[in-house]
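File shown here: entry23.cif, holding mmCIF, C-alpha atoms and all ligand atoms.
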data_query
loop_
_atom_site.group_PDB
_atom_site.id
_atom_site.type_symbol
_atom_site.label_atom_id
_atom_site.label_comp_id
_atom_site.auth_asym_id
_atom_site.auth_seq_id
_atom_site.Cartn_x
_atom_site.Cartn_y
_atom_site.Cartn_z
ATOM 1 C CA MET A 11 136.709 103.858 65.520
ATOM 2 C CA THR A 12 138.632 106.193 63.252
ATOM 3 C CA VAL A 13 137.563 105.820 59.646
ATOM 4 C CA LEU A 14 140.567 105.695 57.369
ATOM 5 C CA ARG A 15 141.080 106.704 53.782
ATOM 6 C CA PRO A 16 143.455 104.791 51.515
ATOM 7 C CA SER A 17 145.752 107.841 51.511
ATOM 8 C CA ASP A 18 146.130 107.435 55.272
ATOM 9 C CA LEU A 19 147.680 104.017 54.858
ATOM 10 C CA GLY A 20 151.223 104.891 53.758
ATOM 11 C CA THR A 21 153.204 101.884 52.598
ATOM 12 C CA VAL A 22 150.839 98.918 52.378
ATOM 13 C CA LEU A 23 151.846 95.271 52.804
ATOM 14 C CA GLY A 24 149.195 92.649 52.047
ATOM 15 C CA VAL A 25 149.833 89.143 53.364
ATOM 16 C CA TRP A 26 147.535 86.481 51.938
ATOM 17 C CA ALA A 27 147.243 82.719 51.487
ATOM 18 C CA HIS A 28 146.484 82.104 47.786
ATOM 19 C CA PRO A 29 146.718 84.022 44.517
ATOM 20 C CA ASP A 30 143.415 85.952 44.105
ATOM 21 C CA ASP A 31 142.888 86.588 47.853
ATOM 22 C CA GLU A 32 144.683 89.904 47.430
ATOM 23 C CA ALA A 33 142.622 90.916 44.385
ATOM 24 C CA TYR A 34 139.249 89.995 45.841
ATOM 25 C CA LEU A 35 139.824 91.589 49.217
ATOM 26 C CA SER A 36 142.044 94.562 48.464
ATOM 27 C CA GLY A 37 142.263 95.078 44.690
ATOM 28 C CA GLY A 38 140.551 98.464 44.789
ATOM 29 C CA LEU A 39 142.490 99.597 47.809
ATOM 30 C CA MET A 40 145.810 98.642 46.241
ATOM 31 C CA ALA A 41 144.959 100.468 43.015
ATOM 32 C CA VAL A 42 143.976 103.633 44.890
ATOM 33 C CA ALA A 43 147.136 103.532 46.983
ATOM 34 C CA ARG A 44 149.309 103.095 43.895
ATOM 35 C CA GLN A 45 147.540 105.956 42.126
ATOM 36 C CA ALA A 46 148.436 108.137 45.103
ATOM 37 C CA GLY A 47 152.078 107.095 44.796
ATOM 38 C CA GLN A 48 152.147 104.785 47.808
ATOM 39 C CA ARG A 49 154.253 101.660 47.907
ATOM 40 C CA VAL A 50 152.259 98.415 47.851
ATOM 41 C CA VAL A 51 153.834 95.005 48.454
ATOM 42 C CA VAL A 52 152.025 91.664 48.379
ATOM 43 C CA VAL A 53 153.094 88.379 49.962
ATOM 44 C CA THR A 54 151.306 85.150 49.003
ATOM 45 C CA ALA A 55 151.976 82.034 51.056
ATOM 46 C CA THR A 56 151.080 79.404 48.412
ATOM 47 C CA ARG A 57 150.602 79.128 44.674
ATOM 48 C CA GLY A 58 147.124 77.703 45.175
ATOM 49 C CA GLU A 59 148.043 74.572 43.251
ATOM 50 C CA HIS A 60 145.062 72.581 44.515
ATOM 51 C CA GLY A 61 142.539 75.223 43.525
ATOM 52 C CA THR A 62 140.655 73.163 40.969
ATOM 53 C CA ALA A 63 137.736 70.763 40.842
ATOM 54 C CA ASP A 64 139.503 68.896 38.016
ATOM 55 C CA PRO A 65 142.958 67.922 39.308
ATOM 56 C CA GLU A 66 143.491 65.399 36.523
ATOM 57 C CA ARG A 67 143.369 68.095 33.930
ATOM 58 C CA TRP A 68 145.059 70.613 36.208
ATOM 59 C CA PRO A 69 147.668 68.693 38.187
ATOM 60 C CA PRO A 70 149.318 70.770 40.929
ATOM 61 C CA HIS A 71 152.519 71.590 39.045
ATOM 62 C CA ARG A 72 150.560 72.835 36.047
ATOM 63 C CA LEU A 73 148.067 74.856 38.055
ATOM 64 C CA ALA A 74 150.835 76.361 40.187
ATOM 65 C CA ALA A 75 152.545 77.645 37.048
ATOM 66 C CA VAL A 76 149.289 79.069 35.697
ATOM 67 C CA ARG A 77 148.434 80.809 38.955
ATOM 68 C CA ASP A 78 151.929 82.205 39.223
ATOM 69 C CA THR A 79 151.478 83.829 35.835
ATOM 70 C CA GLU A 80 147.943 84.905 36.633
ATOM 71 C CA ILE A 81 148.780 86.754 39.825
ATOM 72 C CA ARG A 82 151.586 88.657 38.107
ATOM 73 C CA ALA A 83 149.200 89.847 35.407
ATOM 74 C CA SER A 84 146.555 90.627 37.991
ATOM 75 C CA LEU A 85 148.881 92.725 40.140
ATOM 76 C CA ALA A 86 150.191 94.491 37.039
ATOM 77 C CA ALA A 87 146.640 95.604 36.270
ATOM 78 C CA LEU A 88 146.632 97.292 39.687
ATOM 79 C CA ASP A 89 150.122 98.748 39.181
ATOM 80 C CA VAL A 90 151.534 96.584 41.988
ATOM 81 C CA THR A 91 155.032 95.482 41.077
ATOM 82 C CA GLU A 92 156.367 94.025 44.331
ATOM 83 C CA HIS A 93 155.234 90.484 45.046
ATOM 84 C CA HIS A 94 156.730 87.566 46.952
ATOM 85 C CA PHE A 95 155.658 83.939 47.267
ATOM 86 C CA LEU A 96 156.503 82.117 50.481
ATOM 87 C CA GLY A 97 156.320 78.817 48.585
ATOM 88 C CA TYR A 98 154.228 76.785 51.004
ATOM 89 C CA GLY A 99 151.928 74.034 49.786
ATOM 90 C CA ASP A 100 148.276 74.932 49.175
ATOM 91 C CA GLY A 101 146.271 73.736 52.172
ATOM 92 C CA SER A 102 149.375 72.972 54.202
ATOM 93 C CA LEU A 103 149.693 76.077 56.319
ATOM 94 C CA PRO A 104 148.411 74.731 59.647
ATOM 95 C CA ALA A 105 150.977 71.911 59.382
ATOM 96 C CA GLN A 106 153.961 74.200 58.829
ATOM 97 C CA ASP A 107 156.573 75.188 61.382
ATOM 98 C CA GLN A 108 154.796 78.187 62.897
ATOM 99 C CA ALA A 109 157.841 79.979 64.255
ATOM 100 C CA GLU A 110 159.646 79.661 60.949
ATOM 101 C CA ALA A 111 156.677 81.027 58.994
ATOM 102 C CA ILE A 112 156.215 83.946 61.373
ATOM 103 C CA GLY A 113 159.925 84.669 61.114
ATOM 104 C CA ARG A 114 159.792 84.708 57.327
ATOM 105 C CA ILE A 115 156.859 87.104 57.227
ATOM 106 C CA GLY A 116 158.545 89.196 59.908
ATOM 107 C CA ALA A 117 161.663 89.412 57.748
ATOM 108 C CA VAL A 118 159.602 90.819 54.877
ATOM 109 C CA MET A 119 158.072 93.353 57.244
ATOM 110 C CA ALA A 120 161.496 94.366 58.537
ATOM 111 C CA ALA A 121 162.620 94.957 54.962
ATOM 112 C CA VAL A 122 159.467 96.711 53.696
ATOM 113 C CA ARG A 123 158.707 98.689 56.884
ATOM 114 C CA PRO A 124 154.981 98.945 56.143
ATOM 115 C CA ASP A 125 152.756 101.583 57.674
ATOM 116 C CA THR A 126 149.746 99.302 57.124
ATOM 117 C CA VAL A 127 149.475 95.521 57.024
ATOM 118 C CA LEU A 128 146.429 93.875 55.407
ATOM 119 C CA THR A 129 145.437 90.265 55.994
ATOM 120 C CA PHE A 130 142.544 87.989 56.979
ATOM 121 C CA GLY A 131 140.788 88.194 60.318
ATOM 122 C CA PRO A 132 140.745 85.210 62.694
ATOM 123 C CA ASP A 133 137.699 83.845 60.837
ATOM 124 C CA GLY A 134 139.661 83.664 57.574
ATOM 125 C CA LEU A 135 136.680 85.420 55.923
ATOM 126 C CA THR A 136 135.570 82.309 54.044
ATOM 127 C CA GLY A 137 136.660 79.981 56.858
ATOM 128 C CA HIS A 138 139.517 78.433 54.868
ATOM 129 C CA ARG A 139 142.087 77.159 57.318
ATOM 130 C CA ASP A 140 144.972 78.567 55.281
ATOM 131 C CA HIS A 141 143.322 81.973 55.591
ATOM 132 C CA ARG A 142 143.003 81.636 59.344
ATOM 133 C CA GLN A 143 146.608 80.600 59.577
ATOM 134 C CA MET A 144 147.662 83.700 57.669
ATOM 135 C CA CYS A 145 145.845 85.852 60.225
ATOM 136 C CA HIS A 146 147.726 84.178 63.039
ATOM 137 C CA TRP A 147 151.123 84.328 61.342
ATOM 138 C CA THR A 148 150.742 87.884 60.070
ATOM 139 C CA THR A 149 149.481 89.198 63.390
ATOM 140 C CA ALA A 150 152.368 87.552 65.235
ATOM 141 C CA ALA A 151 154.902 88.774 62.667
ATOM 142 C CA ARG A 152 153.588 92.325 62.844
ATOM 143 C CA ASN A 153 153.699 92.310 66.648
ATOM 144 C CA MET A 154 157.298 91.131 66.464
ATOM 145 C CA ALA A 155 158.741 92.962 63.467
ATOM 146 C CA ALA A 156 156.519 95.976 62.767
ATOM 147 C CA PRO A 157 154.620 96.790 65.964
ATOM 148 C CA ALA A 158 153.963 100.365 64.862
ATOM 149 C CA ALA A 159 152.263 99.265 61.642
ATOM 150 C CA ARG A 160 148.495 99.477 61.464
ATOM 151 C CA LEU A 161 146.998 95.989 61.176
ATOM 152 C CA LEU A 162 143.766 95.663 59.191
ATOM 153 C CA TYR A 163 141.677 92.522 58.783
ATOM 154 C CA ALA A 164 139.434 91.974 55.760
ATOM 155 C CA THR A 165 135.818 91.708 56.788
ATOM 156 C CA THR A 166 132.256 92.159 55.566
ATOM 157 C CA THR A 167 129.370 94.401 56.540
ATOM 158 C CA ASP A 168 125.710 93.656 57.209
ATOM 159 C CA ALA A 169 124.767 95.543 54.071
ATOM 160 C CA PHE A 170 127.054 93.403 51.915
ATOM 161 C CA VAL A 171 125.915 90.099 53.402
ATOM 162 C CA GLU A 172 122.220 90.992 53.098
ATOM 163 C CA ARG A 173 122.564 92.247 49.549
ATOM 164 C CA TRP A 174 124.432 89.187 48.317
ATOM 165 C CA ARG A 175 122.925 86.437 50.415
ATOM 166 C CA ASP A 176 121.514 84.548 47.411
ATOM 167 C CA VAL A 177 124.879 84.563 45.649
ATOM 168 C CA HIS A 178 126.691 83.356 48.746
ATOM 169 C CA ASP A 179 124.186 80.535 49.199
ATOM 170 C CA GLN A 180 124.086 79.526 45.559
ATOM 171 C CA PHE A 181 127.822 79.341 45.143
ATOM 172 C CA ALA A 182 128.707 78.270 48.692
ATOM 173 C CA ILE A 183 131.212 81.057 49.033
ATOM 174 C CA TYR A 184 131.609 80.590 52.758
ATOM 175 C CA LEU A 185 132.602 77.292 54.261
ATOM 176 C CA GLU A 186 130.912 77.275 57.630
ATOM 177 C CA PRO A 187 127.649 78.345 59.179
ATOM 178 C CA GLY A 188 127.976 81.767 60.764
ATOM 179 C CA LEU A 189 130.365 83.045 58.110
ATOM 180 C CA PRO A 190 131.118 85.573 56.936
ATOM 181 C CA LEU A 191 131.521 87.528 60.108
ATOM 182 C CA ARG A 192 129.832 90.866 59.796
ATOM 183 C CA THR A 193 131.483 93.817 61.368
ATOM 184 C CA PRO A 194 129.099 96.452 62.725
ATOM 185 C CA PRO A 195 129.498 99.909 61.192
ATOM 186 C CA ARG A 196 131.146 101.365 64.280
ATOM 187 C CA ARG A 197 133.874 98.727 64.007
ATOM 188 C CA ILE A 198 134.678 99.265 60.335
ATOM 189 C CA ALA A 199 138.077 100.935 60.055
ATOM 190 C CA LEU A 200 138.014 101.360 56.281
ATOM 191 C CA GLU A 201 135.304 100.739 53.721
ATOM 192 C CA LEU A 202 135.867 101.369 50.074
ATOM 193 C CA THR A 203 133.091 101.607 47.498
ATOM 194 C CA LEU A 204 134.752 101.435 44.108
ATOM 195 C CA ASP A 205 133.743 103.933 41.467
ATOM 196 C CA ASP A 206 133.220 102.745 37.896
ATOM 197 C CA ALA A 207 136.833 103.179 36.824
ATOM 198 C CA LEU A 208 138.165 101.418 39.896
ATOM 199 C CA ALA A 209 135.631 98.603 39.633
ATOM 200 C CA ASP A 210 136.723 98.082 36.031
ATOM 201 C CA ARG A 211 140.363 97.858 37.068
ATOM 202 C CA LYS A 212 139.554 95.369 39.792
ATOM 203 C CA LEU A 213 137.512 93.377 37.284
ATOM 204 C CA VAL A 214 140.497 93.297 34.933
ATOM 205 C CA ALA A 215 142.696 92.134 37.813
ATOM 206 C CA LEU A 216 140.280 89.369 38.744
ATOM 207 C CA ARG A 217 139.738 88.320 35.142
ATOM 208 C CA ALA A 218 143.508 87.919 34.911
ATOM 209 C CA GLN A 219 143.157 85.098 37.458
ATOM 210 C CA ALA A 220 140.791 83.253 35.153
ATOM 211 C CA SER A 221 141.558 79.799 36.537
ATOM 212 C CA GLN A 222 139.794 80.963 39.683
ATOM 213 C CA THR A 223 137.314 83.555 38.500
ATOM 214 C CA ALA A 224 136.066 82.822 34.973
ATOM 215 C CA GLY A 225 133.522 80.227 36.075
ATOM 216 C CA LEU A 226 131.982 82.484 38.688
ATOM 217 C CA ILE A 227 131.972 85.513 36.373
ATOM 218 C CA ALA A 228 130.152 83.432 33.755
ATOM 219 C CA ALA A 229 127.683 82.054 36.276
ATOM 220 C CA MET A 230 126.904 85.401 37.933
ATOM 221 C CA GLY A 231 127.106 87.534 34.832
ATOM 222 C CA GLU A 232 129.785 90.168 34.548
ATOM 223 C CA ALA A 233 127.646 93.124 35.601
ATOM 224 C CA ARG A 234 126.523 91.453 38.816
ATOM 225 C CA TYR A 235 129.981 90.119 39.578
ATOM 226 C CA ARG A 236 131.369 93.625 39.123
ATOM 227 C CA GLN A 237 128.872 94.981 41.641
ATOM 228 C CA TRP A 238 129.684 92.154 44.031
ATOM 229 C CA ILE A 239 133.398 92.968 44.021
ATOM 230 C CA SER A 240 132.851 96.719 44.320
ATOM 231 C CA THR A 241 133.123 97.024 48.077
ATOM 232 C CA GLU A 242 136.063 96.260 50.334
ATOM 233 C CA ALA A 243 135.963 96.506 54.111
ATOM 234 C CA PHE A 244 138.508 96.208 56.887
ATOM 235 C CA THR A 245 138.448 96.237 60.642
ATOM 236 C CA THR A 246 141.164 96.309 63.253
ATOM 237 C CA ALA A 247 142.193 93.426 65.460
ATOM 238 C CA ALA A 248 140.146 94.994 68.243
ATOM 239 C CA GLY A 249 137.141 95.314 65.929
ATOM 240 C CA ALA A 250 137.418 91.692 64.856
ATOM 241 C CA THR A 251 137.106 90.401 68.405
ATOM 242 C CA THR A 252 133.827 92.176 68.953
ATOM 243 C CA SER A 253 131.798 90.918 66.003
ATOM 244 C CA GLY A 254 130.328 87.552 65.108
ATOM 245 C CA PRO A 255 131.419 84.224 66.592
ATOM 246 C CA ARG A 256 134.601 84.344 68.608
ATOM 247 C CA PRO A 257 137.709 82.939 66.944
ATOM 248 C CA ALA A 258 137.779 80.291 69.665
ATOM 249 C CA GLU A 259 134.352 79.100 68.590
ATOM 250 C CA LEU A 260 135.456 78.856 64.984
ATOM 251 C CA ALA A 261 138.643 77.077 65.964
ATOM 252 C CA GLY A 262 136.615 74.552 67.959
ATOM 253 C CA ARG A 263 134.565 73.473 64.965
ATOM 254 C CA ALA A 264 135.430 70.228 63.326
ATOM 255 C CA PRO A 265 137.063 70.701 59.934
ATOM 256 C CA MET A 266 134.794 70.068 56.994
ATOM 257 C CA SER A 267 134.911 66.493 55.755
ATOM 258 C CA ARG A 268 135.860 65.759 52.163
ATOM 259 C CA ALA A 269 132.291 64.605 51.481
ATOM 260 C CA ASP A 270 130.857 67.812 52.891
ATOM 261 C CA ALA A 271 133.264 69.842 50.835
ATOM 262 C CA GLN A 272 132.232 67.963 47.692
ATOM 263 C CA ARG A 273 128.557 68.499 48.474
ATOM 264 C CA ARG A 274 129.195 72.196 48.881
ATOM 265 C CA ARG A 275 131.076 72.275 45.620
ATOM 266 C CA LYS A 276 128.154 70.634 43.808
ATOM 267 C CA ARG A 277 125.818 73.262 45.203
ATOM 268 C CA ARG A 278 127.786 75.899 43.373
ATOM 269 C CA ARG A 279 126.250 74.774 40.075
ATOM 270 C CA LEU A 280 129.155 76.125 38.150
ATOM 271 C CA PRO A 281 129.930 74.780 34.711
ATOM 272 C CA ALA A 282 132.500 72.004 34.760
ATOM 273 C CA GLY A 283 135.968 72.812 33.548
ATOM 274 C CA PRO A 284 139.223 74.325 34.589
ATOM 275 C CA HIS A 285 137.601 77.562 35.599
ATOM 276 C CA VAL A 286 135.369 76.009 38.191
ATOM 277 C CA GLU A 287 137.173 77.123 41.224
ATOM 278 C CA LEU A 288 136.948 76.152 44.775
ATOM 279 C CA LEU A 289 135.822 79.279 46.389
ATOM 280 C CA GLU A 290 137.250 78.067 49.646
ATOM 281 C CA ASP A 291 140.380 78.984 47.811
ATOM 282 C CA ARG A 292 139.210 82.519 47.643
HETATM 283 ZN ZN ZN B 1 142.421 81.969 49.532
#

Render the structure in this file as structure tokens.
Ligand SMILES: [Zn+2]
Amino acid sequence: MTVLRPSDLGTVLGVWAHPDDEAYLSGGLMAVARQAGQRVVVVTATRGEHGTADPERWPPHRLAAVRDTEIRASLAALDVTEHHFLGYGDGSLPAQDQAEAIGRIGAVMAAVRPDTVLTFGPDGLTGHRDHRQMCHWTTAARNMAAPAARLLYATTTDAFVERWRDVHDQFAIYLEPGLPLRTPPRRIALELTLDDALADRKLVALRAQASQTAGLIAAMGEARYRQWISTEAFTTAAGATTSGPRPAELAGRAPMSRADAQRRRKRRRLPAGPHVELLEDR
């Protein structure tokens, strides 16, 4: 597989489910592309209004407004000025009209004419069903509206998973056994290791989304968190089908019950408060 550099990517369009997905998975890449003068556009399907363990204090309308403000500040830290919300409800993506959603994303692609499209792989990285839906929609939209654009799926490597296994277990980052999928080195299309300056910028961008990140930063410690966010990896659609469980196997799994989800949340041992974020919302 050809190994890409950010400068190879041309105009970049990232298509994600919730505010903070773009920062976690491509914050360094977006900053590098902008530094090189490339156009970067981000689409976010929802405002992530259910991304809290304390919905009484943070009812959906209030959290949506906060996250709207947060993602703008976060993208500004990366010098990304073009952002669009699709306005879907958090957690609702599998229930939406699929053709309509694909058409809307396709319309953005037709307008932006990206050289590279970034999104989740079929696994949704963390397993979140909104993430998986974004992979399906974005892949279909690209095939329809921008077939020449390079399509890259966010993924992880063996080295990353082994290094951070304790963190992923402690904070229940991933929602299902077998996740995250690890892509073997020969299937990695682009892997970015952020230098100090870039890691600091990504940290600023993630700190700007404090409703989602402050609890984890406090629990991990800033230095460790900064190391954890300092790699980004992508594979191609072809690469994604050759690593880990097949998408069909993931799709066949029963969705997590509310009780299971609560148990997983408790295992995160994060301090209570507005900043305790559901990392399935990552
Ligand atoms: Zn998310």

Do a neighbour search on Leu213 (chain A) at 9 Å with all atoms listed in the file, toss out local chain neighbours closer than 2 positions, and write the hits as an MDAnalysis selection string. chainID A and resid 37 208:211 215:218 232 235:236 239

Let me see if you get this right: every residue at most 12 Å from ligand ZN 1 (chain B), counting all atoms listed in the file, written as a ChimeraX atom specification. /A:25-35,54-61,100-101,103,129-130,134-145,183-185,222,287-292

I'd like to see the residues matched by the PyMOL selection byres (((chain A and resi 241) around 12) and not hetatm) on this file, and ideally I'd get them as a PDB file with C-alpha atoms, in the frame of the given file.
ATOM      1  CA  ALA A  33     142.622  90.916  44.385  1.00  0.00           C
ATOM      2  CA  TYR A  34     139.249  89.995  45.841  1.00  0.00           C
ATOM      3  CA  LEU A  35     139.824  91.589  49.217  1.00  0.00           C
ATOM      4  CA  SER A  36     142.044  94.562  48.464  1.00  0.00           C
ATOM      5  CA  GLY A  37     142.263  95.078  44.690  1.00  0.00           C
ATOM      6  CA  GLY A  38     140.551  98.464  44.789  1.00  0.00           C
ATOM      7  CA  LEU A  39     142.490  99.597  47.809  1.00  0.00           C
ATOM      8  CA  ALA A 164     139.434  91.974  55.760  1.00  0.00           C
ATOM      9  CA  THR A 165     135.818  91.708  56.788  1.00  0.00           C
ATOM     10  CA  THR A 166     132.256  92.159  55.566  1.00  0.00           C
ATOM     11  CA  THR A 167     129.370  94.401  56.540  1.00  0.00           C
ATOM     12  CA  ALA A 169     124.767  95.543  54.071  1.00  0.00           C
ATOM     13  CA  PHE A 170     127.054  93.403  51.915  1.00  0.00           C
ATOM     14  CA  VAL A 171     125.915  90.099  53.402  1.00  0.00           C
ATOM     15  CA  ARG A 173     122.564  92.247  49.549  1.00  0.00           C
ATOM     16  CA  TRP A 174     124.432  89.187  48.317  1.00  0.00           C
ATOM     17  CA  LEU A 200     138.014 101.360  56.281  1.00  0.00           C
ATOM     18  CA  GLU A 201     135.304 100.739  53.721  1.00  0.00           C
ATOM     19  CA  LEU A 202     135.867 101.369  50.074  1.00  0.00           C
ATOM     20  CA  THR A 203     133.091 101.607  47.498  1.00  0.00           C
ATOM     21  CA  LEU A 204     134.752 101.435  44.108  1.00  0.00           C
ATOM     22  CA  ASP A 205     133.743 103.933  41.467  1.00  0.00           C
ATOM     23  CA  ASP A 206     133.220 102.745  37.896  1.00  0.00           C
ATOM     24  CA  LEU A 208     138.165 101.418  39.896  1.00  0.00           C
ATOM     25  CA  ALA A 209     135.631  98.603  39.633  1.00  0.00           C
ATOM     26  CA  LYS A 212     139.554  95.369  39.792  1.00  0.00           C
ATOM     27  CA  TYR A 235     129.981  90.119  39.578  1.00  0.00           C
ATOM     28  CA  ARG A 236     131.369  93.625  39.123  1.00  0.00           C
ATOM     29  CA  GLN A 237     128.872  94.981  41.641  1.00  0.00           C
ATOM     30  CA  TRP A 238     129.684  92.154  44.031  1.00  0.00           C
ATOM     31  CA  ILE A 239     133.398  92.968  44.021  1.00  0.00           C
ATOM     32  CA  SER A 240     132.851  96.719  44.320  1.00  0.00           C
ATOM     33  CA  GLU A 242     136.063  96.260  50.334  1.00  0.00           C
ATOM     34  CA  ALA A 243     135.963  96.506  54.111  1.00  0.00           C
ATOM     35  CA  PHE A 244     138.508  96.208  56.887  1.00  0.00           C
TER      36      PHE A 244
END

Taking all atoms listed in the file into account, name the residue in A:Gly116, A:Leu226, A:Ala105, A:Asp133 that is nearest to Gly188 (chain A). A:Asp133

Extending 8 Å beyond the listed atoms of region 118-123 of chain A on each side, what axis-aligned box results? I want centre and edge lengths in Å to one decimal, as JSON.
{"center_x": 160.3, "center_y": 94.8, "center_z": 56.1, "size_x": 20.5, "size_y": 23.9, "size_z": 20.8}

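Here CA of His94 (chain A) and CA of Ile81 (chain A) stand 10.7 Å from one another.
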
Quick one: residues within 7 Å of Leu128 (chain A), only C-alpha atoms, excluding same-chain residues fewer than 5 positions away - as a PyMOL selection string? chain A and resi 23-25+161-163

What's the separation between CA of Arg44 (chain A) and CA of Arg160 (chain A), in Å to one decimal place?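 Separation of CA of Arg44 (chain A) and CA of Arg160 (chain A): 18.0 Å.
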
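Applied to the file shown here, the PyMOL selection byres (((chain A and resi 90) around 10) and not hetatm) selects A:Gly37, A:Met40, A:Ala41, A:Ala43, A:Arg44, A:Arg49, A:Val50, A:Val51, A:Val52, A:Arg82, A:Ala83, A:Ser84, A:Leu85, A:Ala86, A:Ala87, A:Leu88, A:Asp89, A:Thr91, A:Glu92, A:His93.
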
The PyMOL selection byres (((chain A and resi 150) around 12) and not hetatm) applied to the shown file, residues as a VMD selection string: chain A and resid 108 to 116 119 127 129 143 to 149 151 to 157 161 247

Which residues come within 9 Å of Ser17 (chain A), counting all atoms listed in the file, excluding same-chain residues fewer than 6 positions away, as a ChimeraX atom specification? /A:42-43,46,48

Could you tell me how far CA of Thr62 (chain A) sits from CA of Tyr98 (chain A), in Å to one decimal place? 17.3 Å

Could you please fill out region 219-236 of chain A with N, CA and C atoms and send it back as a CSV table (one decimal), keeping the file's coordinate frame?
chain,number,residue,atom,x,y,z
A,219,GLN,N,143.0,86.4,36.7
A,219,GLN,CA,143.2,85.1,37.5
A,219,GLN,C,142.0,84.2,37.1
A,220,ALA,N,141.9,83.9,35.8
A,220,ALA,CA,140.8,83.3,35.2
A,220,ALA,C,140.6,81.8,35.7
A,221,SER,N,141.7,81.2,36.1
A,221,SER,CA,141.6,79.8,36.5
A,221,SER,C,140.7,79.8,37.8
A,222,GLN,N,140.6,80.9,38.5
A,222,GLN,CA,139.8,81.0,39.7
A,222,GLN,C,138.5,81.7,39.5
A,223,THR,N,138.4,82.6,38.5
A,223,THR,CA,137.3,83.6,38.5
A,223,THR,C,136.4,83.4,37.3
A,224,ALA,N,136.9,82.8,36.2
A,224,ALA,CA,136.1,82.8,35.0
A,224,ALA,C,134.7,82.1,35.1
A,225,GLY,N,134.8,81.0,35.9
A,225,GLY,CA,133.5,80.2,36.1
A,225,GLY,C,132.5,81.0,36.8
A,226,LEU,N,132.9,81.7,37.9
A,226,LEU,CA,132.0,82.5,38.7
A,226,LEU,C,131.5,83.7,37.9
A,227,ILE,N,132.4,84.4,37.2
A,227,ILE,CA,132.0,85.5,36.4
A,227,ILE,C,130.9,85.1,35.4
A,228,ALA,N,131.1,83.9,34.7
A,228,ALA,CA,130.2,83.4,33.8
A,228,ALA,C,128.8,83.1,34.4
A,229,ALA,N,128.9,82.5,35.6
A,229,ALA,CA,127.7,82.1,36.3
A,229,ALA,C,126.9,83.2,36.8
A,230,MET,N,127.6,84.2,37.3
A,230,MET,CA,126.9,85.4,37.9
A,230,MET,C,126.5,86.4,36.9
A,231,GLY,N,127.2,86.4,35.8
A,231,GLY,CA,127.1,87.5,34.8
A,231,GLY,C,128.1,88.6,35.2
A,232,GLU,N,128.7,89.2,34.2
A,232,GLU,CA,129.8,90.2,34.5
A,232,GLU,C,129.3,91.4,35.3
A,233,ALA,N,128.1,91.9,35.0
A,233,ALA,CA,127.6,93.1,35.6
A,233,ALA,C,127.4,92.9,37.1
A,234,ARG,N,126.8,91.7,37.4
A,234,ARG,CA,126.5,91.5,38.8
A,234,ARG,C,127.8,91.2,39.6
A,235,TYR,N,128.7,90.4,38.9
A,235,TYR,CA,130.0,90.1,39.6
A,235,TYR,C,130.7,91.4,39.9
A,236,ARG,N,130.7,92.3,38.9
A,236,ARG,CA,131.4,93.6,39.1
A,236,ARG,C,130.8,94.4,40.3
